[in-house]
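J.: Below are the structure tokens for one structure; questions will follow.
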There are 2 protein chains.
Amino acid sequence: MMSLAKDTVIGFIGSGVMGKSMAANLMEAGFPLNVYTRTKTKADELLEAGAVWKESAADLAAESDVIITIVGYPSDVEEVYFGDNGILAHARSGSFVIDMTTSKPKLAERISKEASKKGIEAMDAPVSGGDIGAKNGTLAIMAGGSETAFHELRPIFDVMGSNIVHQGPAGSGQHTKMSNQIAIASNMIGVCEAITYAEKAGLDPDRVLSSISTGAAGSWSLSNLAPRMIAGDYDPGFYVKHFIKDMKIALESAQEMELLTPGLELSLSLYQRLAESGGEDYGTHALFKMFRA
Amino acid sequence: MMSLAKDTVIGFIGSGVMGKSMAANLMEAGFPLNVYTRTKTKADELLEAGAVWKESAADLAAESDVIITIVGYPSDVEEVYFGDNGILAHARSGSFVIDMTTSKPKLAERISKEASKKGIEAMDAPVSGGDIGAKNGTLAIMAGGSETAFHELRPIFDVMGSNIVHQGPAGSGQHTKMSNQIAIASNMIGVCEAITYAEKAGLDPDRVLSSISTGAAGSWSLSNLAPRMIAGDYDPGFYVKHFIKDMKIALESAQEMELLTPGLELSLSLYQRLAESGGEDYGTHALFKMFRA
């Protein structure tokens, strides 16, 4: 197994808002970076900063020591790992793959299993902390995979995040992210109802926040998203359509475990109604529109 | 209108966990204190510390400048204010009444209206912050009533709380507290589901908390109650039966305003099931039992 030196070549697939910042931080930390993404123009900034363009996931995989993916949906993850031109068919034995997409725990387990057949170590390492956390290298990184792989890749995680926890074997990172999204899902309902109640009761909702956001009702969403609800500013932040994706994965996974999740189900149904009424590209706090109306 | 000097006599009704600490802090700050409570033994500590026992709410009201109540249910509030031996029939013109019970906004408006007919100024000022906040004088106090009454009574509030906000006219304090409880109601579901998910997925739930409690899923309940859920420690804290009372008031009030509150309804129904199965004297985090089972 290679040792993780500064000349470790990282291959990065996915140049969304998050991926772009994460890749830029890795380059800034001194890692040589290969880049591939479906829409090449999205990689322009990284290429200008010195990243090397690869024509396919296959090429990138063949020429990188550590391959990081952060793409859109589980179907994208499947394609980029298992397709004919995909990572697992072309990555070298002894290399590492890290999927940082929020994706299915079962899929993470499958990638890990198939990877290990080829002498490749796989980790799932979804993140939270949004565009700002990605830019500042302060993401929470929830890692699943072997202890040794986690230890080996730690310097790479350290560049991208500040709260980095190894949660257990393959799939554990994704399961942890699902737990995170499940906690958010119901709380968003509570925040929306609390603010709508305050408004309808004729109170000044900002003043109400000054009473309730520091005590037992306090939450990140109440402090950070409620003021934007009140202001009617629904820009993302985190997209409604992506949160719906995450909640669907969480619900599927919960159902496989025969778990009772009425709050998650309620939240998903409200978000789906919001998306159907044209809100899928709003930020998640636009759920407020379903209550304020 | 009297000026609020240190010889302002405070009458205190209600010696529950919260009331006892709040009254003790007022005495310690130098206010002469009259006390009445249905069960006299509950006032023993206060009497030993120098409080003066009154045989009825009527006696207490007649001999106090500022009358503070923090009792159990709205029916108790009604009785102590409107009964024949109640406060409003016996308090002096020019005195103040403050109901700090979490109670119905409409009832607060009614007390204010009836009080003003007798030259009495009423405020509703429910609190949050629990037994520890009451003991340390760091409660959040959500005040409704006139600006002048709030200003006049501020020195008294300052003894009991640290986050003291005048929310608006009579009833506004109760409405703010309802907004607070509504935010908590749905979030409790999310916290329970997130921790159950983590456990069922085979993760170490405490380790999951270290990943998720500082980011977008973070909340007071996740940081303070989830560890007690995981440990199976269901001691109150805040009683299930009292939270059910609060949610019922909130739901009634929301329905009067024709407000959509599916999260609150879901939470109330889950807590009612918990209470029916014998959990009404547990702490609110015992909702976890409904999911873990």
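Quick note on naming: the chains in the structure tokens go A, B, ... in the order shown, residues restart at 1 in each chain, and ligands are numbered from 1 in order of appearance.
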Kindly provide the residues of chain A that approach chain B to within 8 Å, each paired with its closest atom pair and their distance in Å to one decimal, based on only C-alpha atoms, listed by chain and increasing number, as a Markdown table.
T.:
```
| residue | atom | partner | partner_atom | distance |
| --- | --- | --- | --- | --- |
| A:Ser128 | CA | B:Gly215 | CA | 7.0 |
| A:Gly129 | CA | B:Gly215 | CA | 6.4 |
| A:Ala140 | CA | B:Ser211 | CA | 6.6 |
| A:Ile141 | CA | B:Ser211 | CA | 7.5 |
| A:Met142 | CA | B:Ser211 | CA | 6.6 |
| A:Asn163 | CA | B:Ser211 | CA | 6.8 |
| A:Ile164 | CA | B:Ser211 | CA | 7.4 |
| A:Val165 | CA | B:Ser211 | CA | 6.4 |
| A:Gln167 | CA | B:Arg207 | CA | 6.8 |
| A:Gly168 | CA | B:Leu203 | CA | 7.0 |
| A:Ser172 | CA | B:Leu203 | CA | 6.9 |
| A:His175 | CA | B:Ala201 | CA | 6.8 |
| A:Thr176 | CA | B:Val208 | CA | 6.1 |
| A:Lys177 | CA | B:Ile212 | CA | 7.9 |
| A:Met178 | CA | B:Ala194 | CA | 7.9 |
| A:Ser179 | CA | B:Ala194 | CA | 4.5 |
| A:Asn180 | CA | B:Ile212 | CA | 5.7 |
| A:Gln181 | CA | B:Ala217 | CA | 7.0 |
| A:Ile182 | CA | B:Ala194 | CA | 5.4 |
| A:Ala183 | CA | B:Gly190 | CA | 4.2 |
| A:Ile184 | CA | B:Ala217 | CA | 5.0 |
| A:Ala185 | CA | B:Gly190 | CA | 6.7 |
| A:Ser186 | CA | B:Gly190 | CA | 4.7 |
| A:Asn187 | CA | B:Asn187 | CA | 4.2 |
| A:Met188 | CA | B:Asn187 | CA | 7.9 |
| A:Ile189 | CA | B:Gly263 | CA | 6.1 |
| A:Gly190 | CA | B:Ala183 | CA | 4.2 |
| A:Val191 | CA | B:Ala183 | CA | 5.2 |
| A:Glu193 | CA | B:Thr261 | CA | 6.1 |
| A:Ala194 | CA | B:Ser179 | CA | 4.5 |
| A:Ile195 | CA | B:Ser179 | CA | 7.0 |
| A:Thr196 | CA | B:Leu259 | CA | 7.9 |
| A:Tyr197 | CA | B:Ser179 | CA | 6.2 |
| A:Ala198 | CA | B:Ser179 | CA | 6.1 |
| A:Lys200 | CA | B:Met257 | CA | 6.8 |
| A:Ala201 | CA | B:His175 | CA | 6.8 |
| A:Leu203 | CA | B:Ser172 | CA | 6.9 |
| A:Asp204 | CA | B:Gln167 | CA | 7.5 |
| A:Arg207 | CA | B:Gln167 | CA | 6.8 |
| A:Val208 | CA | B:Thr176 | CA | 6.1 |
| A:Ser210 | CA | B:Val165 | CA | 7.7 |
| A:Ser211 | CA | B:Val165 | CA | 6.4 |
| A:Ile212 | CA | B:Asn180 | CA | 5.7 |
| A:Gly215 | CA | B:Gly129 | CA | 6.4 |
| A:Ala216 | CA | B:Trp220 | CA | 5.4 |
| A:Ala217 | CA | B:Ile184 | CA | 5.0 |
| A:Gly218 | CA | B:Trp220 | CA | 5.4 |
| A:Ser219 | CA | B:Ser219 | CA | 3.8 |
| A:Trp220 | CA | B:Ala216 | CA | 5.5 |
| A:Ser221 | CA | B:Ala216 | CA | 6.5 |
| A:Ala254 | CA | B:Tyr197 | CA | 6.8 |
| A:Met257 | CA | B:Lys200 | CA | 6.8 |
| A:Leu259 | CA | B:Tyr197 | CA | 7.3 |
| A:Leu260 | CA | B:Phe291 | CA | 6.3 |
| A:Thr261 | CA | B:Glu193 | CA | 6.1 |
| A:Pro262 | CA | B:Leu266 | CA | 8.0 |
| A:Gly263 | CA | B:Ile189 | CA | 6.1 |
| A:Leu264 | CA | B:Gly190 | CA | 7.4 |
| A:Leu266 | CA | B:Gly263 | CA | 7.7 |
| A:Phe291 | CA | B:Leu260 | CA | 6.3 |
```
J.: Mind checking which residues fall within 12 Å of A:Lys117, counting only C-alpha atoms, ignoring those fewer than 6 positions away in the same chain, and posting them as a VMD selection string?
T.: chain A and resid 88 to 89 91 to 94 110 to 111
J.: To one decimal place, how far is atom CA of A:Pro32 from atom CA of A:Ala51 in Å?
T.: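 Spanning atom CA of A:Pro32 to atom CA of A:Ala51 is a straight-line distance of 7.1 Å.
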J.: Excluding stretch 57-71 of chain A and any residue of its chain fewer than 6 positions from it, enumerate the residues within 7 Å of it, using only C-alpha atoms, and give them as a tab-separated table (two decimals) with all heavy atoms, in the first residue's frame.
T.:
```tsv
chain	number	residue	atom	x	y	z
A	8	THR	N	0.97	12.26	-3.86
A	8	THR	CA	-0.19	11.41	-4.08
A	8	THR	C	-1.12	12.10	-5.08
A	8	THR	O	-1.56	13.22	-4.83
A	8	THR	CB	-0.96	11.19	-2.77
A	8	THR	OG1	-0.09	10.57	-1.83
A	8	THR	CG2	-2.20	10.32	-3.00
A	9	VAL	N	-1.40	11.45	-6.20
A	9	VAL	CA	-2.25	12.07	-7.21
A	9	VAL	C	-3.72	11.81	-6.86
A	9	VAL	O	-4.14	10.66	-6.71
A	9	VAL	CB	-1.94	11.53	-8.62
A	9	VAL	CG1	-2.91	12.13	-9.65
A	9	VAL	CG2	-0.49	11.85	-8.99
A	10	ILE	N	-4.46	12.88	-6.72
A	10	ILE	CA	-5.88	12.75	-6.43
A	10	ILE	C	-6.68	12.97	-7.70
A	10	ILE	O	-6.45	13.92	-8.45
A	10	ILE	CB	-6.32	13.78	-5.35
A	10	ILE	CG1	-5.57	13.51	-4.03
A	10	ILE	CG2	-7.84	13.72	-5.13
A	10	ILE	CD1	-5.92	14.47	-2.91
A	11	GLY	N	-7.61	12.06	-7.97
A	11	GLY	CA	-8.54	12.24	-9.08
A	11	GLY	C	-9.87	12.68	-8.52
A	11	GLY	O	-10.39	12.05	-7.58
A	12	PHE	N	-10.42	13.75	-9.06
A	12	PHE	CA	-11.64	14.32	-8.49
A	12	PHE	C	-12.74	14.34	-9.53
A	12	PHE	O	-12.58	14.93	-10.60
A	12	PHE	CB	-11.36	15.74	-7.97
A	12	PHE	CG	-12.29	16.17	-6.87
A	12	PHE	CD1	-11.90	16.11	-5.53
A	12	PHE	CD2	-13.58	16.62	-7.15
A	12	PHE	CE1	-12.76	16.49	-4.51
A	12	PHE	CE2	-14.44	17.01	-6.14
A	12	PHE	CZ	-14.04	16.94	-4.81
A	13	ILE	N	-13.86	13.71	-9.23
A	13	ILE	CA	-14.99	13.67	-10.16
A	13	ILE	C	-16.18	14.37	-9.52
A	13	ILE	O	-16.64	13.97	-8.45
A	13	ILE	CB	-15.36	12.21	-10.51
A	13	ILE	CG1	-14.19	11.55	-11.25
A	13	ILE	CG2	-16.63	12.18	-11.38
A	13	ILE	CD1	-14.44	10.11	-11.66
A	14	GLY	N	-16.68	15.39	-10.20
A	14	GLY	CA	-17.82	16.14	-9.67
A	14	GLY	C	-17.41	17.57	-9.36
A	14	GLY	O	-16.56	17.82	-8.51
A	19	GLY	N	-18.13	20.25	-4.61
A	19	GLY	CA	-16.95	19.59	-5.15
A	19	GLY	C	-15.88	20.57	-5.59
A	19	GLY	O	-14.69	20.35	-5.35
A	34	ASN	N	-6.13	15.41	-10.75
A	34	ASN	CA	-6.80	15.10	-12.01
A	34	ASN	C	-8.28	15.40	-11.85
A	34	ASN	O	-8.85	15.16	-10.79
A	34	ASN	CB	-6.64	13.62	-12.36
A	34	ASN	CG	-5.20	13.27	-12.69
A	34	ASN	OD1	-4.46	14.10	-13.24
A	34	ASN	ND2	-4.80	12.05	-12.35
A	36	TYR	N	-12.25	15.13	-13.71
A	36	TYR	CA	-13.19	14.79	-14.77
A	36	TYR	C	-14.59	15.15	-14.28
A	36	TYR	O	-14.91	14.98	-13.09
A	36	TYR	CB	-13.14	13.30	-15.14
A	36	TYR	CG	-14.32	12.89	-15.99
A	36	TYR	CD1	-14.40	13.27	-17.34
A	36	TYR	CD2	-15.38	12.16	-15.43
A	36	TYR	CE1	-15.50	12.92	-18.11
A	36	TYR	CE2	-16.48	11.80	-16.20
A	36	TYR	CZ	-16.54	12.19	-17.53
A	36	TYR	OH	-17.64	11.87	-18.28
A	77	VAL	N	-23.75	7.84	-9.00
A	77	VAL	CA	-22.69	7.10	-8.30
A	77	VAL	C	-22.53	5.73	-8.93
A	77	VAL	O	-21.41	5.29	-9.23
A	77	VAL	CB	-23.02	6.96	-6.79
A	77	VAL	CG1	-22.01	6.06	-6.09
A	77	VAL	CG2	-23.09	8.33	-6.11
A	80	VAL	N	-20.79	6.01	-12.35
A	80	VAL	CA	-19.37	6.39	-12.34
A	80	VAL	C	-18.51	5.29	-11.71
A	80	VAL	O	-17.33	5.17	-12.04
A	80	VAL	CB	-19.19	7.77	-11.66
A	80	VAL	CG1	-19.19	7.66	-10.15
A	80	VAL	CG2	-17.92	8.44	-12.15
A	85	ASN	N	-17.04	2.43	-18.56
A	85	ASN	CA	-16.00	3.44	-18.48
A	85	ASN	C	-15.83	3.95	-17.05
A	85	ASN	O	-15.38	5.06	-16.84
A	85	ASN	CB	-16.32	4.60	-19.42
A	85	ASN	CG	-15.52	4.49	-20.71
A	85	ASN	OD1	-14.34	4.17	-20.66
A	85	ASN	ND2	-16.18	4.71	-21.83
A	86	GLY	N	-16.21	3.12	-16.10
A	86	GLY	CA	-16.27	3.57	-14.71
A	86	GLY	C	-14.99	3.34	-13.94
A	86	GLY	O	-14.00	2.80	-14.45
A	87	ILE	N	-15.04	3.75	-12.70
A	87	ILE	CA	-13.85	3.76	-11.85
A	87	ILE	C	-13.35	2.36	-11.54
A	87	ILE	O	-12.17	2.05	-11.71
A	87	ILE	CB	-14.16	4.50	-10.52
A	87	ILE	CG1	-14.40	5.99	-10.80
A	87	ILE	CG2	-13.03	4.31	-9.52
A	87	ILE	CD1	-15.02	6.75	-9.64
A	90	HIS	N	-11.24	0.42	-13.96
A	90	HIS	CA	-9.99	1.01	-14.44
A	90	HIS	C	-9.02	1.46	-13.36
A	90	HIS	O	-7.86	1.74	-13.66
A	90	HIS	CB	-10.31	2.19	-15.37
A	90	HIS	CG	-11.08	1.77	-16.59
A	90	HIS	ND1	-10.47	1.29	-17.74
A	90	HIS	CD2	-12.42	1.68	-16.82
A	90	HIS	CE1	-11.40	0.96	-18.62
A	90	HIS	NE2	-12.61	1.18	-18.09
A	91	ALA	N	-9.48	1.55	-12.13
A	91	ALA	CA	-8.57	2.00	-11.06
A	91	ALA	C	-7.51	0.92	-10.81
A	91	ALA	O	-7.73	-0.27	-11.05
A	91	ALA	CB	-9.35	2.28	-9.79
A	92	ARG	N	-6.35	1.36	-10.34
A	92	ARG	CA	-5.24	0.44	-10.11
A	92	ARG	C	-5.39	-0.27	-8.77
A	92	ARG	O	-5.89	0.32	-7.81
A	92	ARG	CB	-3.92	1.21	-10.11
A	92	ARG	CG	-3.66	1.96	-11.41
A	92	ARG	CD	-2.27	2.60	-11.41
A	92	ARG	NE	-2.13	3.59	-10.35
A	92	ARG	CZ	-1.80	4.87	-10.56
A	92	ARG	NH1	-1.62	5.32	-11.82
A	92	ARG	NH2	-1.65	5.69	-9.55
A	95	SER	N	-5.03	1.40	-5.08
A	95	SER	CA	-5.56	2.76	-5.01
A	95	SER	C	-6.74	2.82	-4.04
A	95	SER	O	-7.23	1.80	-3.55
A	95	SER	CB	-5.96	3.25	-6.41
A	95	SER	OG	-7.00	2.45	-6.92
A	96	PHE	N	-7.17	4.05	-3.77
A	96	PHE	CA	-8.31	4.28	-2.87
A	96	PHE	C	-9.42	4.99	-3.63
A	96	PHE	O	-9.15	5.83	-4.48
A	96	PHE	CB	-7.91	5.19	-1.70
A	96	PHE	CG	-6.94	4.58	-0.75
A	96	PHE	CD1	-5.57	4.66	-0.99
A	96	PHE	CD2	-7.39	3.92	0.39
A	96	PHE	CE1	-4.67	4.10	-0.10
A	96	PHE	CE2	-6.48	3.36	1.29
A	96	PHE	CZ	-5.12	3.45	1.04
A	97	VAL	N	-10.66	4.66	-3.29
A	97	VAL	CA	-11.79	5.45	-3.80
A	97	VAL	C	-12.58	5.97	-2.61
A	97	VAL	O	-12.75	5.27	-1.61
A	97	VAL	CB	-12.71	4.64	-4.75
A	97	VAL	CG1	-11.92	4.15	-5.97
A	97	VAL	CG2	-13.35	3.47	-4.03
A	98	ILE	N	-13.03	7.21	-2.72
A	98	ILE	CA	-13.86	7.81	-1.65
A	98	ILE	C	-15.09	8.43	-2.29
A	98	ILE	O	-14.97	9.39	-3.06
A	98	ILE	CB	-13.12	8.94	-0.90
A	98	ILE	CG1	-11.70	8.53	-0.51
A	98	ILE	CG2	-13.93	9.37	0.32
A	98	ILE	CD1	-10.87	9.70	0.06
A	99	ASP	N	-16.27	7.88	-1.99
A	99	ASP	CA	-17.49	8.54	-2.48
A	99	ASP	C	-18.01	9.49	-1.41
A	99	ASP	O	-18.40	9.07	-0.32
A	99	ASP	CB	-18.55	7.52	-2.86
A	99	ASP	CG	-19.77	8.21	-3.47
A	99	ASP	OD1	-19.58	9.31	-4.06
A	99	ASP	OD2	-20.89	7.68	-3.35
A	100	MET	N	-18.03	10.77	-1.73
A	100	MET	CA	-18.48	11.79	-0.79
A	100	MET	C	-19.88	12.31	-1.12
A	100	MET	O	-20.42	13.19	-0.44
A	100	MET	CB	-17.45	12.93	-0.72
A	100	MET	CG	-16.06	12.37	-0.36
A	100	MET	SD	-14.77	13.62	-0.03
A	100	MET	CE	-15.18	14.10	1.67
A	101	THR	N	-20.48	11.73	-2.18
A	101	THR	CA	-21.88	12.00	-2.47
A	101	THR	C	-22.74	11.51	-1.31
A	101	THR	O	-22.41	10.50	-0.69
A	101	THR	CB	-22.31	11.19	-3.72
A	101	THR	OG1	-21.28	11.26	-4.70
A	101	THR	CG2	-23.64	11.67	-4.28
```
J.: Among stretch 37-151 of chain B, which ones does DSSP place in helix (DSSP H, G or I), written as a PyMOL selection string?
T.: chain B and resi 40-48+57-62+74-82+105-117+130-136+147-151
J.: So how many Å separate atom CA of A:Thr284 and atom CA of A:Thr102, to one decimal?
T.: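 Between atom CA of A:Thr284 and atom CA of A:Thr102 the gap works out to 16.0 Å.
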J.: Considering only strand (DSSP E or B) as DSSP defines it on the backbone, what residues of stretch 88-193 of chain B qualify? List them as number ranges by chain.
T.: B: 96-99, 121-124, 127-128, 139-144, 161-168
J.: For each of B:Ala122, B:Val159, B:Ile249, B:Ala149, take the minimum atom-to-atom distance to B:Glu109, counting only C-alpha atoms, then give the residue where this is smallest.
T.: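 Smallest separation from B:Glu109 among the options: B:Ala122.
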J.: What lies within 9 Å of stretch 23-29 of chain B using only C-alpha atoms, ignoring chain neighbours under 2 positions off, as an MDAnalysis selection string?
T.: chainID B and resid 6 10 12 15 18:21 31:33 35 45:46 49:51 134:137 156 159:160
J.: Have a look at atom CA of B:Asp233 and atom CA of B:Glu265 and let me know their distance in Å, one decimal.
T.: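 So the answer is 25.7 Å.
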J.: Which residue gives the smallest distance to B:Leu268 among B:Arg38, B:Val240, B:Gln255, B:Ala286, with only C-alpha atoms counted?
T.: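 Of B:Arg38, B:Val240, B:Gln255, B:Ala286, the one nearest B:Leu268 is B:Val240, counting only C-alpha atoms.
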